$ cat target-v4.txt   # compact mmCIF, C-alpha atoms
# COMPACT_ATOMS: atom_id res chain seq x y z
CA MET A 1 0.00 0.00 0.00
CA VAL A 2 1.43 3.35 -1.07
CA ASP A 3 0.96 6.27 1.31
CA ALA A 4 -0.40 8.95 -1.02
CA GLU A 5 -0.09 11.72 1.56
CA SER A 6 3.65 11.15 1.90
CA ARG A 7 3.92 11.38 -1.90
CA VAL A 8 2.05 14.68 -1.87
CA MET A 9 4.48 16.10 0.68
CA VAL A 10 7.52 14.98 -1.30
CA ALA A 11 6.08 16.27 -4.59
CA ASP A 12 5.40 19.62 -2.92
CA ARG A 13 8.87 19.80 -1.38
CA ALA A 14 10.67 18.71 -4.57
CA ALA A 15 8.76 21.12 -6.82
CA HIS A 16 9.45 24.05 -4.49
CA ALA A 17 13.14 23.14 -4.24
CA GLY A 18 13.44 22.89 -8.02
CA ALA A 19 11.54 26.12 -8.57
CA GLU A 20 13.95 27.91 -6.26
CA VAL A 21 16.88 26.75 -8.39
CA ALA A 22 15.15 27.81 -11.62
CA MET A 23 14.25 31.19 -10.19
CA GLN A 24 17.91 32.01 -9.55
CA SER A 25 18.58 32.20 -13.30
CA PHE A 26 15.28 33.73 -14.39
CA ARG A 27 15.72 37.00 -16.27
CA THR A 28 19.50 36.63 -16.34
CA ALA A 29 21.82 36.30 -19.33
CA ILE A 30 21.50 32.52 -19.51
CA ALA A 31 22.71 30.50 -22.50
CA VAL A 32 19.98 28.86 -24.57
CA ASP A 33 20.31 25.69 -26.64
CA THR A 34 17.77 24.03 -28.93
CA LYS A 35 16.66 20.40 -29.07
CA ALA A 36 14.23 18.99 -31.63
CA SER A 37 13.35 22.34 -33.23
CA LYS A 38 14.13 26.05 -33.12
CA THR A 39 11.32 26.61 -30.62
CA ASP A 40 12.21 23.58 -28.44
CA VAL A 41 14.70 25.28 -26.15
CA VAL A 42 16.69 24.15 -23.12
CA THR A 43 18.99 25.86 -20.64
CA GLN A 44 21.41 24.86 -17.92
CA ALA A 45 18.70 25.95 -15.50
CA ASP A 46 16.49 23.11 -16.80
CA ARG A 47 19.26 20.61 -16.08
CA ASP A 48 20.14 22.04 -12.67
CA THR A 49 16.49 22.22 -11.65
CA GLN A 50 15.83 18.60 -12.61
CA ALA A 51 18.90 17.51 -10.67
CA ARG A 52 17.61 19.33 -7.57
CA VAL A 53 14.13 17.83 -7.90
CA ARG A 54 15.63 14.39 -8.33
CA ALA A 55 17.82 14.81 -5.26
CA VAL A 56 14.86 15.78 -3.09
CA ILE A 57 12.78 12.80 -4.27
CA GLU A 58 15.68 10.40 -3.70
CA GLU A 59 16.14 11.63 -0.13
CA THR A 60 12.89 9.83 0.73
CA PHE A 61 12.41 7.34 -2.14
CA PRO A 62 15.89 6.45 -3.43
CA ASP A 63 14.88 3.37 -5.40
CA GLU A 64 11.88 4.64 -7.35
CA ALA A 65 11.84 5.44 -11.06
CA ILE A 66 12.17 9.07 -12.12
CA VAL A 67 10.88 10.05 -15.56
CA GLY A 68 11.99 13.50 -16.66
CA GLU A 69 12.43 15.77 -19.63
CA GLU A 70 16.19 16.26 -19.35
CA ALA A 71 18.97 13.80 -20.03
CA ASP A 72 19.60 12.33 -16.57
CA ALA A 73 16.18 10.66 -16.27
CA ARG A 74 14.36 7.86 -18.05
CA LYS A 75 11.86 8.83 -20.73
CA THR A 76 9.20 6.13 -20.44
CA VAL A 77 6.71 5.46 -17.66
CA PRO A 78 6.77 1.91 -16.26
CA ASP A 79 3.43 0.09 -16.44
CA THR A 80 3.67 -1.06 -12.83
CA GLY A 81 5.22 0.26 -9.66
CA VAL A 82 5.97 3.82 -8.66
CA ALA A 83 7.22 6.48 -11.05
CA TRP A 84 7.94 10.16 -10.46
CA ILE A 85 7.29 12.47 -13.42
CA VAL A 86 9.37 15.66 -13.54
CA ASP A 87 9.36 18.70 -15.77
CA PRO A 88 11.98 21.04 -14.31
CA ILE A 89 10.81 24.09 -16.29
CA ASP A 90 7.61 23.63 -18.23
CA GLY A 91 7.34 26.71 -20.43
CA THR A 92 11.07 27.12 -21.09
CA SER A 93 10.36 29.34 -24.09
CA ASN A 94 8.55 31.73 -21.74
CA TYR A 95 11.33 31.38 -19.18
CA VAL A 96 14.11 32.42 -21.57
CA ARG A 97 12.07 35.43 -22.74
CA GLY A 98 11.45 36.66 -19.22
CA VAL A 99 7.75 35.75 -19.24
CA ARG A 100 6.52 34.63 -15.82
CA MET A 101 4.30 31.78 -17.02
CA TRP A 102 6.48 28.70 -16.32
CA THR A 103 6.46 26.02 -13.68
CA THR A 104 8.40 23.26 -11.99
CA SER A 105 6.16 20.20 -12.17
CA VAL A 106 6.36 16.97 -10.14
CA ALA A 107 3.88 14.09 -10.13
CA CYS A 108 3.84 10.58 -8.70
CA LEU A 109 2.23 7.62 -10.47
CA VAL A 110 1.49 4.24 -8.91
CA ASP A 111 0.74 1.49 -11.44
CA GLY A 112 -0.02 4.19 -13.99
CA GLU A 113 -2.40 6.18 -11.77
CA CYS A 114 -1.43 9.59 -10.44
CA VAL A 115 -1.65 9.96 -6.64
CA ALA A 116 0.16 13.27 -6.06
CA ALA A 117 1.16 16.33 -8.05
CA ALA A 118 2.69 19.76 -7.59
CA ASN A 119 3.01 22.64 -10.05
CA VAL A 120 5.00 25.54 -8.58
CA PHE A 121 5.08 28.87 -10.43
CA PRO A 122 7.70 30.87 -8.50
CA ALA A 123 7.62 33.94 -10.75
CA LEU A 124 3.84 34.15 -10.24
CA GLY A 125 3.84 33.21 -6.57
CA ASP A 126 1.45 30.29 -7.09
CA ALA A 127 1.73 26.67 -6.00
CA TYR A 128 -0.87 24.07 -7.03
CA ILE A 129 -0.80 20.89 -4.94
CA ALA A 130 -3.06 17.90 -5.62
CA GLY A 131 -3.63 14.71 -3.66
CA PRO A 132 -6.41 12.48 -2.34
CA ASP A 133 -8.16 15.42 -0.68
CA GLY A 134 -8.44 17.54 -3.82
CA LEU A 135 -6.51 20.53 -5.16
CA THR A 136 -5.17 23.60 -3.42
CA ARG A 137 -3.60 26.78 -4.69
CA ASN A 138 -1.42 28.49 -2.11
CA GLY A 139 -3.17 26.44 0.55
CA ASP A 140 -6.74 27.26 -0.48
CA GLN A 141 -9.05 24.56 -1.84
CA ILE A 142 -10.04 25.27 -5.45
CA GLU A 143 -12.33 23.76 -8.09
CA VAL A 144 -13.01 23.91 -11.81
CA SER A 145 -15.37 26.55 -13.18
CA SER A 146 -19.13 26.12 -13.27
CA GLU A 147 -19.51 27.54 -16.79
CA SER A 148 -22.02 25.51 -18.81
CA ASP A 149 -22.54 27.78 -21.81
CA PRO A 150 -19.98 27.02 -24.55
CA GLU A 151 -20.47 30.47 -26.04
CA ALA A 152 -19.21 31.97 -22.76
CA GLY A 153 -16.43 29.40 -22.36
CA VAL A 154 -12.69 30.12 -22.57
CA VAL A 155 -10.68 27.33 -24.20
CA SER A 156 -6.96 26.84 -24.84
CA PRO A 157 -5.04 24.70 -27.33
CA THR A 158 -2.24 23.25 -25.19
CA LEU A 159 0.70 21.84 -27.13
CA TRP A 160 2.41 23.50 -30.07
CA TRP A 161 2.36 21.90 -33.51
CA ASP A 162 5.58 21.61 -35.56
CA PHE A 163 5.90 23.50 -38.86
CA ASP A 164 4.82 20.45 -40.85
CA HIS A 165 1.58 20.28 -38.83
CA ARG A 166 0.62 23.93 -38.58
CA ASP A 167 -2.54 23.16 -40.54
CA GLU A 168 -3.66 21.21 -37.48
CA PHE A 169 -3.02 24.20 -35.24
CA SER A 170 -5.05 26.38 -37.60
CA ALA A 171 -7.84 23.80 -37.51
CA ALA A 172 -7.70 23.68 -33.71
CA VAL A 173 -7.97 27.45 -33.44
CA THR A 174 -10.87 27.49 -35.91
CA ALA A 175 -12.63 24.73 -33.97
CA VAL A 176 -12.36 26.80 -30.79
CA VAL A 177 -13.37 30.18 -32.17
CA GLU A 178 -16.41 28.73 -33.93
CA ARG A 179 -17.76 27.10 -30.77
CA PHE A 180 -16.57 29.00 -27.71
CA GLY A 181 -16.48 32.51 -26.35
CA ASP A 182 -12.72 33.09 -26.22
CA LEU A 183 -9.33 31.49 -26.76
CA ARG A 184 -6.03 31.53 -24.84
CA ARG A 185 -2.56 30.07 -25.37
CA SER A 186 -0.03 30.47 -22.56
CA GLY A 187 3.05 28.64 -23.89
CA CYS A 188 3.07 26.43 -20.79
CA THR A 189 1.00 23.25 -20.91
CA GLN A 190 1.09 22.62 -17.17
CA GLY A 191 0.07 26.24 -16.65
CA THR A 192 -2.88 25.80 -19.00
CA LEU A 193 -4.01 22.64 -17.23
CA SER A 194 -3.57 24.26 -13.82
CA HIS A 195 -5.80 27.10 -14.96
CA VAL A 196 -8.50 24.67 -16.10
CA ALA A 197 -8.28 23.06 -12.68
CA SER A 198 -8.64 26.41 -10.91
CA GLY A 199 -11.41 27.82 -13.11
CA GLY A 200 -9.33 30.37 -15.01
CA LEU A 201 -10.02 28.39 -18.18
CA ASP A 202 -12.99 26.19 -18.94
CA ALA A 203 -11.20 23.69 -21.20
CA ALA A 204 -7.93 22.75 -22.91
CA ILE A 205 -7.46 20.66 -26.05
CA SER A 206 -4.79 18.69 -27.88
CA ASN A 207 -5.02 16.03 -30.58
CA VAL A 208 -1.33 15.09 -30.69
CA ASP A 209 1.10 12.86 -28.81
CA HIS A 210 2.59 14.47 -25.73
CA SER A 211 5.16 13.72 -23.06
CA PRO A 212 4.02 12.68 -19.57
CA TRP A 213 6.00 15.50 -17.95
CA ASP A 214 3.92 18.02 -19.90
CA THR A 215 0.57 16.66 -18.83
CA VAL A 216 0.34 14.19 -15.92
CA ALA A 217 0.38 16.65 -13.01
CA GLY A 218 -2.09 19.07 -14.58
CA ALA A 219 -4.48 16.36 -15.75
CA PHE A 220 -4.59 14.92 -12.23
CA MET A 221 -5.25 18.38 -10.81
CA ILE A 222 -8.24 18.85 -13.08
CA GLU A 223 -9.74 15.54 -11.99
CA GLN A 224 -9.12 16.32 -8.32
CA ALA A 225 -10.77 19.71 -8.80
CA GLY A 226 -13.93 18.11 -10.20
CA GLY A 227 -13.21 18.34 -13.92
CA THR A 228 -13.06 15.79 -16.72
CA VAL A 229 -10.01 14.62 -18.69
CA THR A 230 -10.38 12.19 -21.61
CA ASP A 231 -8.64 11.03 -24.74
CA LEU A 232 -10.00 11.73 -28.21
CA THR A 233 -12.58 8.93 -27.96
CA GLY A 234 -13.99 10.22 -24.69
CA ASP A 235 -12.40 7.51 -22.54
CA ARG A 236 -10.66 8.50 -19.33
CA TRP A 237 -7.23 9.95 -20.11
CA ARG A 238 -3.98 8.09 -19.40
CA TYR A 239 -0.38 9.26 -19.62
CA ASP A 240 0.10 7.22 -22.81
CA ALA A 241 -3.01 8.46 -24.63
CA THR A 242 -2.92 10.36 -27.91
CA GLY A 243 -4.46 13.76 -27.41
CA LEU A 244 -5.83 15.34 -24.27
CA VAL A 245 -9.29 16.84 -23.82
CA ALA A 246 -9.75 18.55 -20.45
CA SER A 247 -12.69 20.57 -19.21
CA ASN A 248 -14.77 21.60 -16.23
CA GLY A 249 -17.07 18.71 -17.19
CA HIS A 250 -20.05 20.91 -18.03
CA ILE A 251 -18.97 21.62 -21.63
CA HIS A 252 -17.00 18.44 -22.25
CA GLU A 253 -19.08 17.10 -25.13
CA GLU A 254 -18.71 20.37 -27.02
CA VAL A 255 -14.97 20.35 -26.36
CA LEU A 256 -14.69 16.77 -27.62
CA ALA A 257 -16.56 17.74 -30.78
CA ALA A 258 -14.13 20.60 -31.35
CA VAL A 259 -11.10 18.31 -31.04
CA ARG A 260 -12.58 15.68 -33.32
CA SER A 261 -13.21 18.31 -35.97
CA ILE A 262 -9.47 19.02 -36.24
CA GLU A 263 -8.81 15.83 -38.17
CA ASP A 264 -11.89 16.37 -40.35
CA ARG A 265 -10.68 19.85 -41.29
CA THR A 266 -7.14 18.75 -42.14
CA ARG A 267 -8.42 15.94 -44.39
CA THR A 268 -10.39 18.32 -46.62
$ encode --input "target-v4.txt" --output "C-alpha cells"
Amino acid sequence: MVDAESRVMVADRAAHAGAEVAMQSFRTAIAVDTKASKTDVVTQADRDTQARVRAVIEETFPDEAIVGEEADARKTVPDTGVAWIVDPIDGTSNYVRGVRMWTTSVACLVDGECVAAANVFPALGDAYIAGPDGLTRNGDQIEVSSESDPEAGVVSPTLWWDFDHRDEFSAAVTAVVERFGDLRRSGCTQGTLSHVASGGLDAAISNVDHSPWDTVAGAFMIEQAGGTVTDLTGDRWRYDATGLVASNGHIHEEVLAAVRSIEDRTRT
C-alpha cells in the first residue's frame, strides 16, 4: 500500500526546491540551446532544476523510477510500480524570454495512476498541490469553473504543432473560435491545465502525442478539482493516450466535438 499523503508532501517539497533553483537564473543572461526544433529550447537551468528535484525525491524514495524531460532521467513510464514524473521548467520558451508563465512540475504515479502532483510557479507566486483530498492553490481549496454555456467558455489549445503540422493548429484554433467565447494560449501546458483546474479556463485541447511531464500533473489536478479529462474517444485519459481533452465537465461534449473536428478539417 502506497501512502499517497507522503507522496504529496515529497512532490510539494521537490517542486518548491526545483523552482527555487530555476528562479535564480530567471531574467538573467542565460545560454539557450535548442533540441528537436528552433522553438524547443533548453537551458542549464532546466538541467540544474531537474537535478535538484531528483535529489529531493531520492532523499525519501531512493529506489523509485524518475521520468523527466532532461537527459539524466528515463523517458518512459513503467506500467507497474511507482514512477515520479518531472518537468523542471515547463514553459522554457517563456522562461528564456522573461515571461513569468512557467512552472516546476512533479507528479507521482502508482501502477499508472497519479496519486500526487505539484506545479509551482515561483515567478507568479502560485503553488498548485493535488492529492487524495483535492486541489489547493497556495493552501486554499479550489475547483473547476461552473460555466455551462460554450459560447461563454474560454478554451486553450495546449501543445504547439511543428511546422509540418501547422494546418492542425489552424484547424484547432478554428474549432475553438467557432464554438466557444474566447481562446487563450499560454506557452506552458502545465500552466494551462492548472488554470482549467482552478477555473481560469474552462477547457484545454490537444489532438497530438505528448510527453508525460507536460501533462500528468495538470491532468490529475483537473480531476481532483472536479473536472473531466479524456482522450479523443472520450475515454478516461492516461499518460500514454494520444491527445488530451480537459474541461470543467459541463462543456465536455462540445470540447470533444471541437477536437474531433481538427482531423476532419485537415483531411479536406
$ closest_residue --input "target-v4.txt" --among "A:Asn119, A:Gln24, A:Thr242, A:Gln224" --to "His210 (chain A)" --atoms "only C-alpha atoms"
A:Thr242
$ residues_around --input "target-v4.txt" --residues "Glu147 (chain A)" --least-positions-apart "2" --cutoff "12 Å" --atoms "all atoms listed in the file" --output "ChimeraX atom specification"
/A:143-145,149-155,180-181,196,199-203,227,247-252
$ closest_residue --input "target-v4.txt" --among "A:Val82, A:Val255, A:Met23, A:Ile222" --to "Ala175 (chain A)" --atoms "all atoms listed in the file"
A:Val255
$ closest_atom_pairs --input "target-v4.txt" --of "region 122-235 of chain A" --to "region 84-107 of chain A" --cutoff "9 Å" --atoms "all atoms listed in the file" --output "Markdown table"
| residue | atom | partner | partner_atom | distance |
| --- | --- | --- | --- | --- |
| A:Pro122 | CA | A:Thr103 | CA | 7.2 |
| A:Ala123 | CA | A:Arg100 | CA | 5.2 |
| A:Leu124 | CA | A:Arg100 | CA | 6.2 |
| A:Ser186 | CA | A:Met101 | CA | 7.2 |
| A:Gly187 | CA | A:Gly91 | CA | 5.8 |
| A:Cys188 | CA | A:Gly91 | CA | 4.3 |
| A:Thr189 | CA | A:Asp90 | CA | 7.1 |
| A:Gln190 | CA | A:Asp90 | CA | 6.7 |
| A:Gly191 | CA | A:Trp102 | CA | 6.9 |
| A:Pro212 | CA | A:Ile85 | CA | 7.0 |
| A:Trp213 | CA | A:Asp87 | CA | 5.1 |
| A:Asp214 | CA | A:Asp87 | CA | 6.9 |
| A:Val216 | CA | A:Ala107 | CA | 6.8 |
| A:Ala217 | CA | A:Ala107 | CA | 5.2 |
| A:Gly218 | CA | A:Ser105 | CA | 8.7 |
| A:Phe220 | CA | A:Ala107 | CA | 8.8 |
$ closest_residue --input "target-v4.txt" --among "A:Gly243, A:Pro132, A:Pro78, A:Pro157" --to "Ala204 (chain A)" --atoms "all atoms listed in the file"
A:Pro157
$ atom_distance --input "target-v4.txt" --atom1 "CA of Glu178 (chain A)" --atom2 "CA of Glu263 (chain A)"
15.6 Å
$ closest_residue --input "target-v4.txt" --among "A:Thr76, A:Thr49, A:Asn207, A:Ser146" --to "His16 (chain A)" --atoms "only C-alpha atoms"
A:Thr49
$ residues_near_point --input "target-v4.txt" --point "(12.1, 10.2, -13.9)" --cutoff "9 Å" --atoms "all atoms listed in the file" --output "PDB file with C-alpha atoms, in the frame of the given file"
ATOM      1  CA  ARG A  54      15.630  14.390  -8.330  1.00  0.00           C
ATOM      2  CA  GLU A  64      11.880   4.640  -7.350  1.00  0.00           C
ATOM      3  CA  ALA A  65      11.840   5.440 -11.060  1.00  0.00           C
ATOM      4  CA  ILE A  66      12.170   9.070 -12.120  1.00  0.00           C
ATOM      5  CA  VAL A  67      10.880  10.050 -15.560  1.00  0.00           C
ATOM      6  CA  GLY A  68      11.990  13.500 -16.660  1.00  0.00           C
ATOM      7  CA  GLU A  69      12.430  15.770 -19.630  1.00  0.00           C
ATOM      8  CA  ASP A  72      19.600  12.330 -16.570  1.00  0.00           C
ATOM      9  CA  ALA A  73      16.180  10.660 -16.270  1.00  0.00           C
ATOM     10  CA  ARG A  74      14.360   7.860 -18.050  1.00  0.00           C
ATOM     11  CA  LYS A  75      11.860   8.830 -20.730  1.00  0.00           C
ATOM     12  CA  THR A  76       9.200   6.130 -20.440  1.00  0.00           C
ATOM     13  CA  VAL A  77       6.710   5.460 -17.660  1.00  0.00           C
ATOM     14  CA  ALA A  83       7.220   6.480 -11.050  1.00  0.00           C
ATOM     15  CA  TRP A  84       7.940  10.160 -10.460  1.00  0.00           C
ATOM     16  CA  ILE A  85       7.290  12.470 -13.420  1.00  0.00           C
ATOM     17  CA  VAL A  86       9.370  15.660 -13.540  1.00  0.00           C
TER      18      VAL A  86
END
$ residues_near_point --input "target-v4.txt" --point "(-4.0, 19.3, -7.5)" --cutoff "9 Å" --atoms "all atoms listed in the file" --output "list in words"
Ala116, Ala117, Ala118, Asn119, Tyr128, Ile129, Ala130, Gly131, Pro132, Asp133, Gly134, Leu135, Thr136, Arg137, Ile142, Ser194, Ala197, Ala217, Gly218, Ala219, Phe220, Met221, Ile222, Glu223, Gln224 and Ala225 of chain A
$ closest_residue --input "target-v4.txt" --among "A:Gly18, A:Pro62, A:Gly112, A:Gly81" --to "Gln50 (chain A)" --atoms "all atoms listed in the file"
A:Gly18
$ atom_distance --input "target-v4.txt" --atom1 "CA of Arg166 (chain A)" --atom2 "CA of Val42 (chain A)"
22.3 Å
$ atom_distance --input "target-v4.txt" --atom1 "CA of Ser198 (chain A)" --atom2 "CA of Glu253 (chain A)"
19.9 Å
$ closest_residue --input "target-v4.txt" --among "A:Arg27, A:Arg13, A:Arg260, A:Arg47" --to "Glu59 (chain A)" --atoms "all atoms listed in the file"
A:Arg13
$ residues_around --input "target-v4.txt" --residues "Arg52 (chain A)" --least-positions-apart "3" --cutoff "10 Å" --atoms "only C-alpha atoms" --output "MDAnalysis selection string"
chainID A and resid 14:22 47:49 55:58 88
$ residues_around --input "target-v4.txt" --residues "Asp231 (chain A)" --least-positions-apart "3" --cutoff "9 Å" --atoms "only C-alpha atoms" --output "ChimeraX atom specification"
/A:207,234-238,241-246,256
$ residues_around --input "target-v4.txt" --residues "Ile30 (chain A)" --least-positions-apart "5" --cutoff "10 Å" --atoms "all atoms listed in the file" --output "list in words"
Ser25, Thr43, Gln44, Ala45 and Val96 of chain A
$ build_atoms --input "target-v4.txt" --residues "region 59-70 of chain A" --atoms "all heavy atoms" --output "mmCIF file, in the frame of the given file"
data_model
loop_
_atom_site.group_PDB
_atom_site.id
_atom_site.type_symbol
_atom_site.label_atom_id
_atom_site.label_comp_id
_atom_site.auth_asym_id
_atom_site.auth_seq_id
_atom_site.Cartn_x
_atom_site.Cartn_y
_atom_site.Cartn_z
ATOM 1 N N GLU A 59 15.922 11.584 -1.575
ATOM 2 C CA GLU A 59 16.140 11.630 -0.130
ATOM 3 C C GLU A 59 15.159 10.723 0.602
ATOM 4 O O GLU A 59 15.489 10.109 1.619
ATOM 5 C CB GLU A 59 15.974 13.066 0.388
ATOM 6 C CG GLU A 59 17.105 14.004 0.015
ATOM 7 C CD GLU A 59 16.770 15.446 0.368
ATOM 8 O OE1 GLU A 59 15.672 15.689 0.927
ATOM 9 O OE2 GLU A 59 17.594 16.332 0.073
ATOM 10 N N THR A 60 13.934 10.629 0.090
ATOM 11 C CA THR A 60 12.890 9.830 0.730
ATOM 12 C C THR A 60 12.640 8.513 0.010
ATOM 13 O O THR A 60 12.378 7.485 0.645
ATOM 14 C CB THR A 60 11.575 10.631 0.792
ATOM 15 O OG1 THR A 60 11.822 11.896 1.423
ATOM 16 C CG2 THR A 60 10.512 9.890 1.584
ATOM 17 N N PHE A 61 12.722 8.528 -1.331
ATOM 18 C CA PHE A 61 12.410 7.340 -2.140
ATOM 19 C C PHE A 61 13.569 7.072 -3.106
ATOM 20 O O PHE A 61 13.457 7.326 -4.311
ATOM 21 C CB PHE A 61 11.104 7.556 -2.908
ATOM 22 C CG PHE A 61 9.918 7.857 -2.027
ATOM 23 C CD1 PHE A 61 9.374 9.136 -1.984
ATOM 24 C CD2 PHE A 61 9.358 6.864 -1.235
ATOM 25 C CE1 PHE A 61 8.286 9.419 -1.176
ATOM 26 C CE2 PHE A 61 8.268 7.130 -0.422
ATOM 27 C CZ PHE A 61 7.726 8.413 -0.383
ATOM 28 N N PRO A 62 14.678 6.567 -2.602
ATOM 29 C CA PRO A 62 15.890 6.450 -3.430
ATOM 30 C C PRO A 62 15.816 5.412 -4.535
ATOM 31 O O PRO A 62 16.607 5.477 -5.481
ATOM 32 C CB PRO A 62 16.961 6.078 -2.401
ATOM 33 C CG PRO A 62 16.211 5.421 -1.280
ATOM 34 C CD PRO A 62 14.903 6.139 -1.215
ATOM 35 N N ASP A 63 14.896 4.476 -4.447
ATOM 36 C CA ASP A 63 14.880 3.370 -5.400
ATOM 37 C C ASP A 63 13.739 3.437 -6.407
ATOM 38 O O ASP A 63 13.501 2.471 -7.144
ATOM 39 C CB ASP A 63 14.803 2.036 -4.636
ATOM 40 C CG ASP A 63 15.974 1.848 -3.692
ATOM 41 O OD1 ASP A 63 17.104 2.203 -4.095
ATOM 42 O OD2 ASP A 63 15.759 1.365 -2.562
ATOM 43 N N GLU A 64 13.043 4.550 -6.471
ATOM 44 C CA GLU A 64 11.880 4.640 -7.350
ATOM 45 C C GLU A 64 12.233 5.331 -8.669
ATOM 46 O O GLU A 64 13.127 6.189 -8.723
ATOM 47 C CB GLU A 64 10.746 5.356 -6.636
ATOM 48 C CG GLU A 64 10.253 4.532 -5.455
ATOM 49 C CD GLU A 64 9.143 5.190 -4.671
ATOM 50 O OE1 GLU A 64 8.832 6.358 -4.917
ATOM 51 O OE2 GLU A 64 8.575 4.501 -3.797
ATOM 52 N N ALA A 65 11.547 4.932 -9.723
ATOM 53 C CA ALA A 65 11.840 5.440 -11.060
ATOM 54 C C ALA A 65 11.523 6.937 -11.149
ATOM 55 O O ALA A 65 10.523 7.406 -10.602
ATOM 56 C CB ALA A 65 11.017 4.685 -12.102
ATOM 57 N N ILE A 66 12.389 7.657 -11.866
ATOM 58 C CA ILE A 66 12.170 9.070 -12.120
ATOM 59 C C ILE A 66 12.181 9.285 -13.630
ATOM 60 O O ILE A 66 13.162 8.992 -14.315
ATOM 61 C CB ILE A 66 13.225 9.952 -11.444
ATOM 62 C CG1 ILE A 66 13.122 9.793 -9.917
ATOM 63 C CG2 ILE A 66 13.051 11.413 -11.859
ATOM 64 C CD1 ILE A 66 14.153 10.588 -9.143
ATOM 65 N N VAL A 67 11.059 9.767 -14.130
ATOM 66 C CA VAL A 67 10.880 10.050 -15.560
ATOM 67 C C VAL A 67 10.923 11.564 -15.718
ATOM 68 O O VAL A 67 10.137 12.277 -15.098
ATOM 69 C CB VAL A 67 9.538 9.491 -16.071
ATOM 70 C CG1 VAL A 67 9.342 9.826 -17.552
ATOM 71 C CG2 VAL A 67 9.460 7.990 -15.840
ATOM 72 N N GLY A 68 11.858 12.059 -16.541
ATOM 73 C CA GLY A 68 11.990 13.500 -16.660
ATOM 74 C C GLY A 68 12.366 13.948 -18.052
ATOM 75 O O GLY A 68 12.840 13.156 -18.872
ATOM 76 N N GLU A 69 12.187 15.237 -18.292
ATOM 77 C CA GLU A 69 12.430 15.770 -19.630
ATOM 78 C C GLU A 69 13.905 15.811 -19.994
ATOM 79 O O GLU A 69 14.270 15.591 -21.152
ATOM 80 C CB GLU A 69 11.838 17.182 -19.757
ATOM 81 C CG GLU A 69 12.009 17.751 -21.150
ATOM 82 C CD GLU A 69 11.225 19.024 -21.371
ATOM 83 O OE1 GLU A 69 10.723 19.604 -20.394
ATOM 84 O OE2 GLU A 69 11.113 19.433 -22.539
ATOM 85 N N GLU A 70 14.772 16.080 -19.028
ATOM 86 C CA GLU A 70 16.190 16.260 -19.350
ATOM 87 C C GLU A 70 16.948 14.949 -19.282
ATOM 88 O O GLU A 70 16.432 13.918 -18.877
ATOM 89 C CB GLU A 70 16.791 17.331 -18.441
ATOM 90 C CG GLU A 70 16.045 18.661 -18.474
ATOM 91 C CD GLU A 70 15.748 19.172 -19.878
ATOM 92 O OE1 GLU A 70 16.541 18.937 -20.795
ATOM 93 O OE2 GLU A 70 14.701 19.818 -20.058
#
